[in-house]
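> Got a structure for you, target-v7.cif, holding mmCIF, C-alpha atoms.
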data_coords
#
loop_
_atom_site.label_atom_id
_atom_site.label_comp_id
_atom_site.auth_asym_id
_atom_site.auth_seq_id
_atom_site.Cartn_x
_atom_site.Cartn_y
_atom_site.Cartn_z
CA MET A 9 13.42 -52.90 10.68
CA SER A 10 11.19 -55.40 8.90
CA LEU A 11 9.66 -54.13 5.68
CA THR A 12 5.89 -53.66 5.71
CA PHE A 13 3.71 -54.72 2.79
CA HIS A 14 0.12 -53.73 2.09
CA TRP A 15 -2.16 -55.05 -0.63
CA PHE A 16 -5.15 -53.40 -2.34
CA LEU A 17 -8.92 -53.94 -2.29
CA PRO A 18 -10.28 -53.26 -5.81
CA THR A 19 -13.58 -51.61 -4.87
CA ASN A 20 -13.96 -50.50 -8.49
CA GLY A 21 -14.04 -54.12 -9.65
CA ASP A 22 -11.35 -56.59 -10.64
CA SER A 23 -10.28 -58.37 -13.81
CA ARG A 24 -7.56 -60.29 -15.59
CA HIS A 25 -7.12 -57.02 -17.47
CA VAL A 26 -6.21 -53.61 -16.06
CA VAL A 27 -9.23 -51.86 -14.56
CA GLY A 28 -8.71 -48.25 -15.54
CA GLY A 29 -10.23 -45.16 -14.00
CA GLY A 30 -9.57 -42.74 -11.20
CA HIS A 31 -8.59 -39.06 -11.08
CA GLY A 32 -11.83 -38.01 -12.67
CA THR A 33 -11.95 -40.79 -15.27
CA PRO A 34 -14.55 -43.57 -15.01
CA ALA A 35 -13.66 -47.20 -14.37
CA THR A 36 -13.25 -49.21 -17.56
CA ALA A 37 -15.63 -51.97 -18.59
CA SER A 38 -13.23 -54.65 -17.32
CA GLY A 39 -14.19 -53.58 -13.81
CA ARG A 40 -17.41 -55.56 -14.32
CA ASP A 41 -15.49 -58.82 -14.81
CA ARG A 42 -15.35 -59.40 -11.07
CA PRO A 43 -17.77 -57.06 -9.25
CA PRO A 44 -16.52 -55.69 -5.91
CA THR A 45 -18.84 -57.73 -3.74
CA VAL A 46 -18.12 -58.09 -0.05
CA ALA A 47 -17.62 -61.81 -0.64
CA TYR A 48 -14.96 -61.29 -3.31
CA LEU A 49 -13.17 -58.49 -1.48
CA SER A 50 -13.18 -60.63 1.67
CA GLN A 51 -11.55 -63.43 -0.31
CA ILE A 52 -8.75 -61.04 -1.29
CA ALA A 53 -8.46 -59.77 2.30
CA ARG A 54 -8.14 -63.26 3.72
CA ALA A 55 -5.51 -64.21 1.13
CA ALA A 56 -3.51 -61.05 1.89
CA GLU A 57 -3.76 -61.74 5.61
CA ASP A 58 -2.55 -65.32 5.27
CA LEU A 59 0.33 -64.34 2.98
CA GLY A 60 1.70 -61.76 5.40
CA PHE A 61 0.47 -58.39 4.18
CA VAL A 62 -0.11 -56.00 7.08
CA GLY A 63 -2.92 -53.97 5.52
CA ALA A 64 -4.92 -53.27 2.39
CA LEU A 65 -5.48 -49.90 0.74
CA THR A 66 -9.05 -49.07 -0.23
CA PRO A 67 -9.44 -46.18 -2.72
CA THR A 68 -11.84 -43.26 -2.69
CA GLY A 69 -13.73 -41.52 -5.48
CA ALA A 70 -16.87 -41.57 -7.55
CA TRP A 71 -15.51 -44.50 -9.57
CA CYS A 72 -15.46 -46.98 -6.68
CA GLU A 73 -17.45 -48.16 -3.67
CA ASP A 74 -17.26 -46.15 -0.45
CA ALA A 75 -14.11 -47.09 1.46
CA TRP A 76 -15.43 -46.67 5.01
CA LEU A 77 -18.52 -48.81 4.53
CA THR A 78 -16.76 -51.46 2.47
CA THR A 79 -13.88 -51.99 4.86
CA ALA A 80 -16.21 -52.05 7.86
CA MET A 81 -17.99 -55.00 6.26
CA VAL A 82 -14.87 -56.78 5.02
CA SER A 83 -13.23 -56.42 8.45
CA GLN A 84 -15.82 -58.81 9.84
CA ASN A 85 -14.53 -61.52 7.50
CA SER A 86 -10.87 -61.14 8.44
CA GLU A 87 -8.90 -61.27 11.68
CA ARG A 88 -5.57 -59.42 11.52
CA LEU A 89 -5.49 -57.39 8.30
CA LYS A 90 -5.56 -53.62 8.72
CA PHE A 91 -7.45 -51.34 6.34
CA LEU A 92 -5.76 -48.30 4.85
CA VAL A 93 -8.93 -46.32 4.23
CA ALA A 94 -8.60 -43.48 1.72
CA PHE A 95 -10.84 -40.54 2.48
CA ARG A 96 -11.18 -36.88 1.53
CA PRO A 97 -11.22 -34.40 4.42
CA GLY A 98 -13.54 -31.96 2.65
CA PHE A 99 -16.44 -34.40 2.63
CA VAL A 100 -16.91 -34.89 6.37
CA SER A 101 -16.43 -32.78 9.47
CA PRO A 102 -13.13 -33.35 11.34
CA THR A 103 -14.95 -34.14 14.59
CA LEU A 104 -17.10 -36.75 12.91
CA ALA A 105 -14.09 -38.24 11.11
CA ALA A 106 -12.20 -38.50 14.41
CA GLN A 107 -15.23 -40.21 15.97
CA MET A 108 -15.59 -42.61 13.02
CA ALA A 109 -11.93 -43.56 13.31
CA SER A 110 -12.30 -44.15 17.04
CA THR A 111 -15.33 -46.37 16.49
CA PHE A 112 -13.58 -48.30 13.73
CA GLN A 113 -10.62 -48.98 16.03
CA ARG A 114 -12.80 -50.32 18.83
CA GLN A 115 -14.98 -52.47 16.61
CA THR A 116 -12.07 -54.02 14.67
CA GLY A 117 -9.45 -54.34 17.38
CA GLY A 118 -7.30 -51.47 16.14
CA ARG A 119 -7.19 -52.30 12.43
CA LEU A 120 -7.63 -48.85 10.89
CA LEU A 121 -5.03 -46.83 8.98
CA LEU A 122 -5.97 -43.57 7.25
CA ASN A 123 -4.86 -42.49 3.78
CA VAL A 124 -5.67 -38.78 3.64
CA VAL A 125 -6.50 -37.71 0.07
CA THR A 126 -6.72 -33.94 -0.13
CA GLY A 127 -8.90 -34.05 -3.22
CA GLY A 128 -9.13 -35.30 -6.74
CA GLU A 129 -9.94 -33.17 -9.73
CA SER A 130 -11.90 -29.97 -9.14
CA HIS A 131 -14.82 -31.08 -11.32
CA GLU A 132 -15.18 -34.28 -9.29
CA GLN A 133 -14.88 -32.34 -6.01
CA ARG A 134 -17.65 -30.00 -7.14
CA ALA A 135 -19.91 -32.99 -7.73
CA TYR A 136 -19.60 -33.63 -4.00
CA GLY A 137 -20.29 -29.99 -3.16
CA ASP A 138 -16.66 -28.94 -2.64
CA PHE A 139 -15.78 -25.77 -4.54
CA LEU A 140 -12.34 -24.96 -3.13
CA ASP A 141 -9.37 -24.86 -5.48
CA LYS A 142 -6.41 -27.20 -5.03
CA ASP A 143 -4.30 -24.91 -2.84
CA ASP A 144 -7.19 -24.16 -0.51
CA ARG A 145 -7.97 -27.86 -0.27
CA TYR A 146 -4.47 -28.45 1.09
CA ARG A 147 -4.83 -25.61 3.57
CA ARG A 148 -8.14 -27.08 4.71
CA THR A 149 -6.50 -30.50 5.07
CA GLY A 150 -3.93 -29.01 7.41
CA GLU A 151 -6.65 -27.53 9.61
CA PHE A 152 -8.59 -30.81 9.45
CA LEU A 153 -5.63 -32.91 10.59
CA HIS A 154 -4.78 -30.44 13.33
CA ILE A 155 -8.30 -30.82 14.77
CA VAL A 156 -8.36 -34.61 14.40
CA ARG A 157 -4.99 -35.13 16.04
CA GLU A 158 -5.92 -32.87 18.96
CA LEU A 159 -9.15 -34.82 19.44
CA TRP A 160 -7.31 -38.13 19.34
CA GLU A 161 -5.14 -36.85 22.19
CA GLY A 162 -8.27 -36.35 24.28
CA LYS A 163 -8.21 -32.56 24.09
CA SER A 164 -11.11 -30.15 23.73
CA VAL A 165 -10.63 -28.21 20.52
CA TYR A 166 -11.56 -24.66 19.61
CA LEU A 167 -10.49 -23.49 16.17
CA ARG A 168 -11.54 -20.67 13.92
CA GLY A 169 -9.48 -21.42 10.86
CA GLU A 170 -9.58 -20.12 7.35
CA HIS A 171 -11.73 -23.05 6.23
CA LEU A 172 -12.84 -24.97 9.34
CA GLN A 173 -14.38 -23.91 12.62
CA VAL A 174 -15.14 -26.03 15.68
CA GLU A 175 -16.12 -25.08 19.21
CA ASP A 176 -15.67 -27.29 22.27
CA ALA A 177 -15.08 -30.34 20.08
CA ARG A 178 -14.17 -33.47 22.00
CA LEU A 179 -14.39 -37.24 21.85
CA THR A 180 -16.05 -39.31 24.54
CA ARG A 181 -13.64 -42.14 23.73
CA VAL A 182 -10.32 -41.70 21.97
CA PRO A 183 -9.02 -44.36 19.57
CA ASP A 184 -6.62 -46.95 20.93
CA PRO A 185 -4.31 -47.23 19.15
CA VAL A 186 -4.38 -43.93 17.27
CA PRO A 187 -4.60 -44.76 13.52
CA GLY A 188 -1.48 -44.14 11.46
CA VAL A 189 -1.91 -41.24 9.01
CA TYR A 190 -0.64 -41.82 5.46
CA PHE A 191 -0.36 -38.83 3.16
CA GLY A 192 1.01 -38.07 -0.29
CA GLY A 193 1.43 -35.08 -2.54
CA SER A 194 4.13 -33.44 -4.63
CA SER A 195 3.24 -29.75 -4.41
CA PRO A 196 4.88 -27.36 -1.89
CA LEU A 197 1.67 -27.12 0.15
CA ALA A 198 1.34 -30.91 0.19
CA GLY A 199 4.86 -31.24 1.51
CA GLU A 200 4.16 -28.82 4.34
CA VAL A 201 1.01 -30.68 5.41
CA ALA A 202 2.84 -34.02 5.30
CA ALA A 203 5.73 -32.66 7.35
CA ARG A 204 3.41 -31.42 10.10
CA TYR A 205 0.80 -34.17 10.34
CA ALA A 206 1.65 -37.41 8.49
CA ASP A 207 3.13 -40.55 9.99
CA VAL A 208 3.94 -42.11 6.62
CA TYR A 209 4.61 -40.12 3.45
CA LEU A 210 3.43 -42.04 0.39
CA THR A 211 4.82 -41.55 -3.09
CA TRP A 212 3.82 -43.15 -6.36
CA GLY A 213 6.31 -45.45 -8.06
CA GLU A 214 8.75 -43.11 -9.72
CA PRO A 215 12.29 -44.23 -10.61
CA PRO A 216 14.57 -44.40 -7.56
CA ALA A 217 16.48 -41.21 -8.38
CA GLN A 218 13.26 -39.18 -8.39
CA GLY A 219 12.04 -40.96 -5.29
CA ALA A 220 15.27 -40.09 -3.48
CA GLU A 221 14.79 -36.39 -4.25
CA LYS A 222 11.25 -36.45 -2.88
CA ILE A 223 12.29 -38.28 0.30
CA ALA A 224 15.07 -35.77 0.96
CA TRP A 225 12.61 -32.92 0.46
CA ILE A 226 10.06 -34.29 2.91
CA ARG A 227 12.71 -35.25 5.46
CA GLY A 228 14.00 -31.69 5.42
CA LEU A 229 10.54 -30.22 5.90
CA ALA A 230 9.71 -32.63 8.72
CA ALA A 231 12.98 -31.84 10.49
CA GLN A 232 11.98 -28.18 10.58
CA HIS A 233 9.02 -29.24 12.74
CA GLY A 234 11.08 -31.61 14.87
CA ARG A 235 9.42 -34.66 13.32
CA THR A 236 10.62 -37.88 11.66
CA LEU A 237 8.41 -39.61 9.09
CA HIS A 238 8.36 -43.08 7.60
CA PHE A 239 8.15 -43.46 3.83
CA GLY A 240 6.03 -45.69 1.63
CA ILE A 241 5.60 -46.29 -2.08
CA ARG A 242 2.54 -47.27 -4.14
CA LEU A 243 3.21 -49.72 -6.97
CA HIS A 244 1.60 -52.45 -9.01
CA VAL A 245 3.48 -55.71 -9.35
CA ILE A 246 3.84 -58.48 -11.94
CA THR A 247 6.16 -61.17 -10.60
CA ARG A 248 6.68 -64.64 -12.03
CA ASP A 249 9.10 -67.58 -11.83
CA THR A 250 11.12 -66.13 -14.72
CA SER A 251 11.61 -62.64 -16.10
CA GLY A 252 10.30 -63.77 -19.49
CA GLN A 253 7.03 -64.94 -17.99
CA ALA A 254 6.56 -61.64 -16.14
CA TRP A 255 7.20 -59.48 -19.21
CA ALA A 256 4.92 -61.71 -21.27
CA GLU A 257 2.16 -60.93 -18.77
CA ALA A 258 2.90 -57.20 -19.02
CA ASP A 259 2.67 -57.48 -22.81
CA ARG A 260 -0.64 -59.30 -22.50
CA LEU A 261 -2.04 -56.50 -20.36
CA LEU A 262 -0.72 -53.89 -22.79
CA ASP A 263 -2.35 -55.70 -25.72
CA GLY A 264 -5.67 -55.26 -23.93
CA PHE A 265 -5.45 -51.45 -24.06
CA ASP A 266 -7.45 -50.37 -27.07
CA THR A 267 -6.32 -47.16 -28.74
CA GLU A 268 -9.50 -45.21 -28.06
CA THR A 269 -9.47 -46.04 -24.35
CA VAL A 270 -5.86 -44.90 -24.03
CA ARG A 271 -6.62 -41.69 -25.92
CA SER A 272 -9.68 -40.93 -23.82
CA VAL A 273 -8.01 -41.66 -20.48
CA GLN A 274 -4.90 -39.67 -21.37
CA ALA A 275 -7.00 -36.71 -22.49
CA GLY A 276 -8.81 -36.75 -19.16
CA LEU A 277 -5.63 -37.11 -17.12
CA ALA A 278 -3.92 -34.33 -19.07
CA ARG A 279 -6.36 -31.95 -17.38
CA SER A 280 -5.38 -33.29 -13.96
CA GLU A 281 -4.44 -30.74 -11.33
CA PRO A 282 -2.31 -32.73 -8.84
CA GLU A 283 1.44 -32.46 -9.38
CA GLY A 284 1.86 -36.15 -8.63
CA GLN A 285 -0.41 -37.10 -11.53
CA ARG A 286 1.56 -34.86 -13.87
CA ARG A 287 4.73 -36.64 -12.80
CA MET A 288 3.10 -40.00 -13.52
CA LEU A 289 2.06 -38.88 -17.01
CA ALA A 290 5.55 -37.64 -17.77
CA LEU A 291 6.93 -41.15 -17.26
CA HIS A 292 5.26 -42.49 -20.42
CA GLY A 293 4.02 -39.43 -22.32
CA GLY A 294 0.97 -41.37 -23.54
CA SER A 295 3.16 -43.61 -25.71
CA ARG A 296 3.36 -47.40 -25.74
CA ASP A 297 7.09 -47.20 -26.49
CA GLY A 298 9.88 -47.12 -23.93
CA LEU A 299 7.68 -48.13 -21.01
CA GLU A 300 10.48 -49.72 -18.97
CA ILE A 301 11.66 -46.48 -17.37
CA HIS A 302 14.08 -48.13 -14.93
CA PRO A 303 15.14 -51.78 -14.69
CA ASN A 304 11.97 -53.76 -13.92
CA LEU A 305 9.88 -50.56 -13.52
CA TRP A 306 7.10 -50.46 -16.15
CA ALA A 307 4.92 -47.40 -16.79
CA GLY A 308 2.29 -49.19 -18.87
CA ILE A 309 -0.44 -49.21 -16.21
CA GLY A 310 -0.57 -45.41 -16.35
CA LEU A 311 -1.80 -45.47 -19.94
CA VAL A 312 -5.30 -46.38 -18.77
CA ARG A 313 -5.31 -45.71 -15.03
CA GLY A 314 -5.08 -42.54 -12.99
CA GLY A 315 -3.00 -42.38 -9.86
CA ALA A 316 -0.42 -45.13 -9.42
CA GLY A 317 0.71 -45.97 -12.94
CA THR A 318 3.88 -48.04 -12.61
CA ALA A 319 4.54 -51.70 -11.89
CA LEU A 320 7.49 -53.78 -10.80
CA VAL A 321 7.86 -56.45 -13.49
CA GLY A 322 10.28 -59.35 -13.38
CA SER A 323 11.25 -62.62 -11.80
CA HIS A 324 10.78 -63.02 -8.08
CA ASP A 325 14.48 -62.36 -7.55
CA GLU A 326 14.41 -59.23 -9.73
CA VAL A 327 11.36 -57.80 -7.98
CA ALA A 328 12.99 -58.48 -4.61
CA GLU A 329 16.11 -56.63 -5.81
CA ARG A 330 14.07 -53.59 -6.85
CA ILE A 331 12.36 -53.56 -3.46
CA GLU A 332 15.78 -53.61 -1.83
CA GLU A 333 16.80 -50.68 -4.06
CA TYR A 334 13.83 -48.61 -2.90
CA HIS A 335 14.43 -49.67 0.69
CA ALA A 336 17.98 -48.32 0.45
CA LEU A 337 16.44 -44.88 -0.20
CA GLY A 338 14.57 -45.02 3.10
CA ILE A 339 11.29 -46.61 1.98
CA ASP A 340 10.05 -49.29 4.34
CA GLU A 341 6.36 -49.59 3.43
CA PHE A 342 5.12 -50.92 0.09
CA VAL A 343 1.49 -50.62 -1.02
CA LEU A 344 1.07 -53.06 -3.87
CA SER A 345 -1.59 -54.34 -6.25
CA GLY A 346 -1.94 -56.46 -9.39
CA TYR A 347 -4.49 -57.79 -11.85
CA PRO A 348 -6.35 -59.84 -10.79
CA HIS A 349 -5.76 -58.94 -7.17
CA LEU A 350 -6.46 -62.37 -5.76
CA GLU A 351 -4.02 -64.27 -7.97
CA GLU A 352 -1.33 -61.59 -7.93
CA ALA A 353 -1.36 -61.54 -4.13
CA TYR A 354 -0.32 -65.19 -4.24
CA TRP A 355 2.34 -64.66 -6.89
CA PHE A 356 3.98 -61.96 -4.76
CA GLY A 357 3.31 -63.52 -1.38
CA GLU A 358 4.67 -66.94 -2.32
CA GLY A 359 7.33 -65.77 -4.75
CA VAL A 360 8.90 -62.57 -3.40
CA LEU A 361 8.20 -62.36 0.33
CA PRO A 362 10.09 -65.57 1.17
CA ARG A 363 13.14 -64.22 -0.63
CA LEU A 364 13.03 -61.02 1.40
CA ALA A 365 12.55 -63.08 4.56
CA ALA A 366 15.64 -65.14 3.75
CA GLN A 367 17.63 -61.91 3.63
CA GLY A 368 16.30 -60.74 6.97
CA LEU A 369 14.30 -57.88 5.43
CA TRP A 370 10.82 -59.19 6.21
CA ARG A 371 9.00 -61.46 8.59
CA HIS A 372 5.42 -62.63 8.59
CA PRO A 373 3.38 -60.39 10.94
CA GLY A 374 1.23 -63.27 12.13
CA SER A 375 2.14 -64.33 15.64
CA GLY A 376 4.33 -67.39 15.56
CA THR A 377 3.98 -67.71 11.79
CA ALA A 378 7.13 -68.59 9.91
CA ALA A 379 7.70 -67.32 6.41
CA PRO A 380 7.32 -70.02 3.76
CA ALA A 381 10.44 -71.17 1.97
CA PRO A 382 11.05 -69.74 -1.52
CA SER A 383 9.32 -71.81 -4.14
CA ALA A 384 9.97 -72.08 -7.84
CA GLN A 385 6.28 -72.56 -8.50
CA VAL A 386 3.17 -70.57 -7.62
CA PRO A 387 -0.21 -72.30 -7.98
CA PHE A 388 -1.83 -69.74 -10.29
CA ALA A 389 -1.06 -69.71 -13.98
CA SER A 390 -0.98 -66.43 -15.88
#
Can the structure in the file be given as structure tokens, please?


Amino acid sequence: MSLTFHWFLPTNGDSRHVVGGGHGTPATASGRDRPPTVAYLSQIARAAEDLGFVGALTPTGAWCEDAWLTTAMVSQNSERLKFLVAFRPGFVSPTLAAQMASTFQRQTGGRLLLNVVTGGESHEQRAYGDFLDKDDRYRRTGEFLHIVRELWEGKSVYLRGEHLQVEDARLTRVPDPVPGVYFGGSSPLAGEVAARYADVYLTWGEPPAQGAEKIAWIRGLAAQHGRTLHFGIRLHVITRDTSGQAWAEADRLLDGFDTETVRSVQAGLARSEPEGQRRMLALHGGSRDGLEIHPNLWAGIGLVRGGAGTALVGSHDEVAERIEEYHALGIDEFVLSGYPHLEEAYWFGEGVLPRLAAQGLWRHPGSGTAAPAPSAQVPFAS
């Protein structure tokens, strides 16, 4: 099976420095370096499309632009790229969400993927009018996905759940194809929802040993429901012609983290409720020391950014080797990003993807498009 790669649309702004924020913390000032205009995001989307990425993740939260509206606009400036739209089930009715997804599929030629985010921090959820605690949010997500999937199958749905109720819900037109559902979470309730309703289970970039444990856990839960899931991983990436150049870029980014910003972000994330965020924090402990937690896996991003906090750092060959290592665990989808997102897409697309293609692990998804040969040089300087 060919590996699948997705890129990222920085709807909180982009920069040659790390744009922090997320999980209840505001975006850092560097997010104003390159505002998330439709023109700039479309430039990234077109680059990702040409390079061979299948889709692009678009985040959700108060710290960024709305994912549905942004991707709807950017889709008109691209041809093949799919959009992995992050959304929170508690903010919209399941029937309306199913209808929105169906419309998106028709208007874009089937280019929607859904990243279901059960909810961020409780204080941010309350700002949107959602006052459920974390466990109840997961229970609601299960009911939500049950309704949506039934609607996508063309069924009429009646449900009086603990959190959601619908009567005679139906869609006039079902989506074709049905969007893939991506879902992540490290708590027991999250695992149960993923096992029952997800197509792809997403994990943040933990070291392979921890990733293997999580994959085995979800596989076991899914098997209990007679289901088989695919697995994906969310990582940043810094890849260069040599290992020294890549680590020099990581050091440059780290030098841009001022002490007060790190302290403030870490204090905010320490109050985070999701188990996955706690696991991310444990990888670095708020310290600048010992950030290479596995060969070529760097936890520095997590000092100033919530959510995905690790990056693959190394030469193109080294990054390709780490991808192979994760693939050996059962991971076949990679959701990547880098700062700035336009330039880093080229570094990875022209440096790493051809190496994976040469090994038979990847092929360009464009019809009749051959993968470029590995090159020692990439046109963007760090």

> Which residues would end up in the selection if the PyMOL selection byres ((chain A and resi 223-239) around 7) were applied here, given that I need the answer as a CSV table (one decimal) with C-alpha atoms, in the coordinates of the input?


chain,number,residue,atom,x,y,z
A,199,GLY,CA,4.9,-31.2,1.5
A,200,GLU,CA,4.2,-28.8,4.3
A,203,ALA,CA,5.7,-32.7,7.4
A,204,ARG,CA,3.4,-31.4,10.1
A,207,ASP,CA,3.1,-40.6,10.0
A,208,VAL,CA,3.9,-42.1,6.6
A,209,TYR,CA,4.6,-40.1,3.4
A,210,LEU,CA,3.4,-42.0,0.4
A,219,GLY,CA,12.0,-41.0,-5.3
A,220,ALA,CA,15.3,-40.1,-3.5
A,221,GLU,CA,14.8,-36.4,-4.2
A,222,LYS,CA,11.2,-36.4,-2.9
A,240,GLY,CA,6.0,-45.7,1.6
A,338,GLY,CA,14.6,-45.0,3.1
A,339,ILE,CA,11.3,-46.6,2.0
A,340,ASP,CA,10.0,-49.3,4.3
A,341,GLU,CA,6.4,-49.6,3.4

> Quick check, in Å to one decimal: how far apart do atom CA of Phe16 of chain A and atom CA of Leu344 of chain A lie?

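About the pair atom CA of Phe16 of chain A and atom CA of Leu344 of chain A: they are 6.4 Å apart.
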
> Take the PyMOL selection byres ((chain A and resi 290) around 12), run it mentally on this structure, and tell me the resulting residues as a PyMOL selection string.

chain A and resi 214-215+274+277-278+283-289+291-295+299+301+307+310-311+317-318

> For the structure provided, state which residues fall under the PyMOL selection byres ((chain A and resi 254-263) around 10), and present them as a VMD selection string.

chain A and resid 24 to 26 245 to 253 264 to 267 296 304 306 308 to 309 311 to 312 319 to 324 347 390

> Could you tell me how far atom CA of Ala94 of chain A sits from atom CA of Thr79 of chain A, in Å to one decimal place?

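Going from atom CA of Thr79 of chain A over to atom CA of Ala94 of chain A, I get 10.5 Å.
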
> Could you state the separation of atom CA of Pro373 of chain A and atom CA of Leu59 of chain A in Å, given to one decimal place?

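Atom CA of Leu59 of chain A lies at a distance of 9.4 Å from atom CA of Pro373 of chain A.
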
> Taking all atoms listed in the file into account, which of A:Glu175, A:Asp325, A:Glu73, A:Glu161 comes nearest Pro187 of chain A?

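For Pro187 of chain A, the nearest of the given residues is A:Glu161.
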
> Wanna dump the segment 259-333 of chain A-segment 34-40 of chain A contacts at 9 Å for me, each residue with its shortest atom pair and the distance in Å to one decimal, counting all atoms listed in the file, ordered by chain and number, as a Markdown table?


| residue | atom | partner | partner_atom | distance |
| --- | --- | --- | --- | --- |
| A:Thr269 | CA | A:Thr36 | CA | 8.4 |
| A:Val273 | CA | A:Pro34 | CA | 8.7 |
| A:Val312 | CA | A:Thr36 | CA | 8.5 |
| A:Arg313 | CA | A:Ala35 | CA | 8.5 |

> Identify, on the basis of all atoms listed in the file, every residue whose closest approach to Ile155 of chain A does not exceed 10 Å; exclude the query and any residue fewer than 6 positions from it along the same chain; express the result as a ChimeraX atom specification.

/A:101-103,106,149,163-167,172-174,177-178

> Set the distance at 12 Å and use all atoms listed in the file: which residues neighbour Thr116 of chain A once local chain neighbours fewer than 3 positions away are removed? I'd like the list as an MDAnalysis selection string.

chainID A and resid 79:91 109:113 119:121 183:185 187

> When you look at Val125 of chain A with a cut-off of 7 Å (counting all atoms listed in the file), what residues show up, excluding the ones that are within fewer than 4 positions of it in the same chain? I need them as a ChimeraX atom specification.

/A:94-96,191

> For Val270 of chain A, which residue out of A:Gly29, A:Lys142, A:Ser23, A:Leu350 is the nearest one, using all atoms listed in the file?

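Ranked by minimum distance to Val270 of chain A, first place goes to A:Gly29.
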
> For a cut-off of 9 Å around (-14.1, -57.3, -3.5), file coordinates, pick out all residues using all atoms listed in the file and list them as a list in words.

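Residues found, by chain and rising number: Leu17, Pro18, Thr19, Asn20, Gly21, Asp22, Arg42, Pro43, Pro44, Thr45, Val46, Ala47, Tyr48, Leu49, Ser50, Gln51, Ile52, Ala53, Thr78 and Val82 of chain A.
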